[in-house]
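Engineer: Okay, here's the structure, questions in a sec.
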Amino acid sequence: MTSVSPHIVIPNHVAIIMDGNNRWASANKLPGVAGHQRGVERAREAVEFAVEAGLKTLTLFAFSSENWGRSNEEVNLLMKLLNKALKEQIPNLQKNLVQLTFIGDLDRFEPALVKQMRLSEKETLCSEGNKNLDLVVAASYGGRWDILQAAKKLDRLSSEEITEKKLSSLLSTSKFQDPDLCIRTGNEFRISNFLLWQLAYSELYFPDILWPDFDSNQFQTALNEYSRRSRRFGDTSNFQNN
């Protein structure tokens with residue numbers, strides 16, 4: 001694994017849209033399952049790198065609400081891979097003091113998979129003083145869904161009580177800081193309904209690489225790029241009219 005550079009600014013929270021598994025498999029003349037399998041390995045590597053780098057939170061976009069529109073064959077394959085990965089990776093997460101949390105419309109999954117998700121969350125539960133990383137997995141997740149669920153909980157409040165802080169507290173990510181950096185692989189330049197509210201002031205990074213090729217070196221490059229950015233959070237004080 002690549003050693004983390006000691007001279008860069010480390011974000012607290014990195015979110016990743018893991019895109020390009022099918023294209024990677026096609027480019028390498030492999031069946032689609034090979035791309036997803038390699039993608040699972042890269043996710044494991046990303047978690048280990050995040051721990052080494054000292055991130056507090058890593059959020060992975062594993063399965064979007066739009067992914068339900070894929071073929072039944074591919075959806076079933078993805079569900080099997082997710083279930084298998086959970087069972088295999090729990091010991092590694094426990095060893096590295098990584099606490100797992102799922103967000104999304106989980107009721108759409110088969111009960112057996114939801115049971116495994118909840119068991120995985122329980123088995124990786126850490127005390128606040130004994131935790132290296134929060135790993136958030138967005139599954140059957142969409143940013144519009146997240147905002148809509150929060151908005152429905154506001155209907156009994158007065159207009160004065162409805163604030164940005166209040167709505168943020170009702171989102172599925174309320175326990176975590178908003179991402180400092182969002183990485184999207186696959187040579188696509190959009191966030192695809194991912195954390196729409198939470199990414200308002202996040203730095204965006206779009207490497208020209210497919211997810212199965214996003215290794216620790218690529219993650220380090222992303223952190224290097226983040227370290228060079230100047231975050232202003234909407235501050236226009238330095239703006240001058242030409």
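FYI, nothing fancy with the structure tokens labels: chains A, B, ... in order, residues from 1 per chain, ligands from 1 as they appear.
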Give one line per residue of region 126-174 of chain A that approaches region 76-100 of chain A to at most 9 Å, naming the two atoms of the closest pair and their distance in Å to one decimal, counting only C-alpha atoms; sort by chain then ascending residue number and deliver it as a tab-separated table.
Structural biologist:
residue	atom	partner	partner_atom	distance
A:Cys126	CA	A:Gln99	CA	6.0
A:Asn130	CA	A:Leu97	CA	7.0
A:Lys131	CA	A:Leu97	CA	5.1
A:Asn132	CA	A:Leu97	CA	5.3
A:Leu133	CA	A:Val98	CA	4.8
A:Asp134	CA	A:Gln99	CA	4.9
A:Leu135	CA	A:Leu100	CA	4.8
A:Val136	CA	A:Leu100	CA	6.0
A:Val137	CA	A:Leu100	CA	7.5
Engineer: Can you write out the residues you just picked, keeping N, CA, C and O atoms, as a compact mmCIF listing (two decimals), in the first residue's frame?
Structural biologist:
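Writing done, so here's result12.txt:
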# COMPACT_ATOMS: atom_id res chain seq x y z
N CYS A 126 -18.18 0.80 17.41
CA CYS A 126 -17.01 1.20 18.19
C CYS A 126 -17.40 2.30 19.17
O CYS A 126 -18.33 3.07 18.93
N ASN A 130 -12.48 4.89 20.60
CA ASN A 130 -11.78 3.70 20.12
C ASN A 130 -12.22 3.40 18.69
O ASN A 130 -12.60 2.28 18.36
N LYS A 131 -12.16 4.42 17.83
CA LYS A 131 -12.61 4.28 16.45
C LYS A 131 -11.65 5.02 15.53
O LYS A 131 -11.32 6.17 15.75
N ASN A 132 -11.23 4.35 14.46
CA ASN A 132 -10.35 4.99 13.49
C ASN A 132 -11.10 5.66 12.36
O ASN A 132 -10.65 6.68 11.83
N LEU A 133 -12.24 5.08 11.97
CA LEU A 133 -12.93 5.58 10.78
C LEU A 133 -14.41 5.22 10.82
O LEU A 133 -14.77 4.12 11.23
N ASP A 134 -15.24 6.17 10.40
CA ASP A 134 -16.64 5.87 10.09
C ASP A 134 -16.73 5.56 8.60
O ASP A 134 -16.37 6.40 7.76
N LEU A 135 -17.16 4.37 8.27
CA LEU A 135 -17.39 3.97 6.89
C LEU A 135 -18.89 4.00 6.61
O LEU A 135 -19.65 3.23 7.20
N VAL A 136 -19.30 4.92 5.75
CA VAL A 136 -20.71 5.07 5.40
C VAL A 136 -20.93 4.51 4.00
O VAL A 136 -20.26 4.93 3.05
N VAL A 137 -21.82 3.55 3.88
CA VAL A 137 -22.11 2.94 2.59
C VAL A 137 -23.51 3.37 2.16
O VAL A 137 -24.50 3.07 2.85
Engineer: Could you list, as a ChimeraX atom specification, every residue within 10 Å of Asn12 (chain A), counting only C-alpha atoms and ignoring same-chain residues fewer than 5 positions away?
Structural biologist: /A:50,54-58,133,176-181
Engineer: Could you build a table of the residues in region 59-117 of chain A lying no more than 9 Å from region 191-201 of chain A, giving for each the nearest pair of atoms and their separation in Å rounded to one decimal place, using only C-alpha atoms, ordered by chain and ascending residue number, as CSV?
Structural biologist:
residue,atom,partner,partner_atom,distance
A:Phe61,CA,A:Phe194,CA,7.6
A:Ser64,CA,A:Phe194,CA,8.0
A:Ser65,CA,A:Asn193,CA,8.8
A:Glu66,CA,A:Asn193,CA,8.9
Engineer: Which one of A:His7, A:Lys115, A:Arg232, A:Arg190 sits closest to Gln220 (chain A) if you count only C-alpha atoms?
Structural biologist: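 When distances to Gln220 (chain A) are compared using only C-alpha atoms, the smallest one comes from A:His7.
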Engineer: Which is closest to Arg231 (chain A) among A:Leu204, A:Asn187, A:Ile16, A:Gln37, if we use only C-alpha atoms?
Structural biologist: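 Among A:Leu204, A:Asn187, A:Ile16, A:Gln37, it is A:Leu204 that comes nearest to Arg231 (chain A).
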Engineer: Can you list every residue in region 104-232 of chain A that DSSP puts in alpha helix (DSSP H), as a ChimeraX atom specification?
Structural biologist: /A:111-123,143-152,164-169,216-228
Engineer: What's around Val40 (chain A) at 10 Å? Count only C-alpha atoms, leave out sequence neighbours fewer than 5 positions away in its own chain, and write the answer as a ChimeraX atom specification.
Structural biologist: /A:18,21,34-35,45-46,62,81-82,85,211-212
Engineer: Name the residues in contact with Gly104 (chain A) at a cut-off of 7 Å, using only C-alpha atoms, excluding same-chain residues fewer than 5 positions from it; report them as a list of chain:residue names.
Structural biologist: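 In the requested format, the answer is A:Ala138, A:Ala139, A:Ser140, A:Tyr141.
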Engineer: Selected residues, all heavy atoms, written as an mmCIF file, in the first residue's frame, please.
Structural biologist:
data_model
loop_
_atom_site.group_PDB
_atom_site.id
_atom_site.type_symbol
_atom_site.label_atom_id
_atom_site.label_comp_id
_atom_site.auth_asym_id
_atom_site.auth_seq_id
_atom_site.Cartn_x
_atom_site.Cartn_y
_atom_site.Cartn_z
ATOM 1 N N ALA A 138 -23.586 4.091 1.056
ATOM 2 C CA ALA A 138 -24.869 4.545 0.521
ATOM 3 C C ALA A 138 -25.401 3.479 -0.434
ATOM 4 O O ALA A 138 -24.801 3.206 -1.472
ATOM 5 C CB ALA A 138 -24.689 5.873 -0.214
ATOM 6 N N ALA A 139 -26.510 2.864 -0.051
ATOM 7 C CA ALA A 139 -27.075 1.762 -0.827
ATOM 8 C C ALA A 139 -28.566 2.008 -1.032
ATOM 9 O O ALA A 139 -29.283 2.316 -0.082
ATOM 10 C CB ALA A 139 -26.852 0.437 -0.107
ATOM 11 N N SER A 140 -29.016 1.866 -2.270
ATOM 12 C CA SER A 140 -30.385 2.271 -2.622
ATOM 13 C C SER A 140 -30.598 3.715 -2.186
ATOM 14 O O SER A 140 -31.630 4.073 -1.619
ATOM 15 C CB SER A 140 -31.423 1.347 -1.980
ATOM 16 O OG SER A 140 -32.738 1.633 -2.466
ATOM 17 N N TYR A 141 -29.588 4.517 -2.455
ATOM 18 C CA TYR A 141 -29.574 5.900 -1.981
ATOM 19 C C TYR A 141 -29.715 6.874 -3.142
ATOM 20 O O TYR A 141 -29.176 6.669 -4.218
ATOM 21 C CB TYR A 141 -28.261 6.199 -1.243
ATOM 22 C CG TYR A 141 -28.146 7.650 -0.808
ATOM 23 C CD1 TYR A 141 -28.655 8.057 0.421
ATOM 24 C CD2 TYR A 141 -27.584 8.610 -1.643
ATOM 25 C CE1 TYR A 141 -28.590 9.387 0.810
ATOM 26 C CE2 TYR A 141 -27.517 9.940 -1.266
ATOM 27 C CZ TYR A 141 -28.022 10.323 -0.044
ATOM 28 O OH TYR A 141 -27.978 11.640 0.328
#
Engineer: Extract, using only C-alpha atoms, all DNA, RNA and protein residues at most 12 Å from Ser216 (chain A), discarding same-chain residues fewer than 3 positions from it, and format them as a ChimeraX atom specification.
Structural biologist: /A:1-5,41-53,211-213,219-223
Engineer: Any chance you can output those residues with C-alpha atoms as a CSV table (one decimal), in the first residue's frame?
Structural biologist:
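Result file is result35.csv:
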chain,number,residue,atom,x,y,z
A,1,MET,CA,0.0,0.0,0.0
A,2,THR,CA,1.2,3.5,-0.8
A,3,SER,CA,2.4,5.5,2.2
A,4,VAL,CA,0.4,8.6,2.9
A,5,SER,CA,2.4,11.8,2.4
A,41,GLU,CA,-11.4,-5.0,-3.9
A,42,ARG,CA,-10.8,-1.4,-4.7
A,43,ALA,CA,-13.4,-0.4,-2.1
A,44,ARG,CA,-11.6,-2.5,0.5
A,45,GLU,CA,-8.3,-0.9,-0.4
A,46,ALA,CA,-9.8,2.6,-0.2
A,47,VAL,CA,-11.0,1.8,3.3
A,48,GLU,CA,-7.6,0.7,4.4
A,49,PHE,CA,-6.0,3.8,2.8
A,50,ALA,CA,-8.5,6.0,4.6
A,51,VAL,CA,-7.6,4.5,7.9
A,52,GLU,CA,-3.8,5.0,7.2
A,53,ALA,CA,-4.4,8.6,6.0
A,211,TRP,CA,-13.1,2.7,-10.4
A,212,PRO,CA,-11.3,-0.8,-10.7
A,213,ASP,CA,-8.1,1.1,-11.5
A,219,PHE,CA,-6.3,8.1,-3.7
A,220,GLN,CA,-3.0,9.8,-2.7
A,221,THR,CA,-3.2,11.9,-5.9
A,222,ALA,CA,-6.7,12.9,-5.0
A,223,LEU,CA,-5.6,14.0,-1.5
Engineer: Can you pull out the residues contacting Ser227 (chain A)? Cut-off 8 Å, using only C-alpha atoms, and skip same-chain residues under 5 positions away; I want them as a short mmCIF file (atom, residue, chain, number, x, y, z; two decimals) with N, CA, C and O atoms, in the first residue's frame.
Structural biologist:
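Resulting contents of part_20.cif:
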data_model
loop_
_atom_site.label_atom_id
_atom_site.label_comp_id
_atom_site.auth_asym_id
_atom_site.auth_seq_id
_atom_site.Cartn_x
_atom_site.Cartn_y
_atom_site.Cartn_z
N ILE A 8 0.60 16.93 3.55
CA ILE A 8 -0.61 17.39 2.87
C ILE A 8 -1.73 17.62 3.88
O ILE A 8 -1.68 17.12 5.00
N VAL A 9 -2.72 18.39 3.45
CA VAL A 9 -3.89 18.63 4.29
C VAL A 9 -4.84 17.44 4.12
O VAL A 9 -5.24 17.11 3.00
N ILE A 10 -5.18 16.80 5.21
CA ILE A 10 -6.05 15.63 5.16
C ILE A 10 -7.50 16.04 5.41
O ILE A 10 -7.81 16.65 6.44
#
Engineer: With distances taken over only C-alpha atoms, which residue among A:Glu203, A:Glu110, A:Glu188, A:Glu123 lies nearest Tyr226 (chain A)?
Structural biologist: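 Among the listed residues, A:Glu203 lies closest to Tyr226 (chain A).
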Engineer: Measuring atom to atom with only C-alpha atoms, identify which of A:Cys182, A:Leu171, A:Leu119, A:Ile162 is nearest to Arg144 (chain A).
Structural biologist: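 Closest to Arg144 (chain A), using only C-alpha atoms: A:Leu171.
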Engineer: When you count only C-alpha atoms, which of these residues is closest to Lys175 (chain A): A:Ala15, A:Leu148, A:Ile103, A:Met117?
Structural biologist: A:Ile103
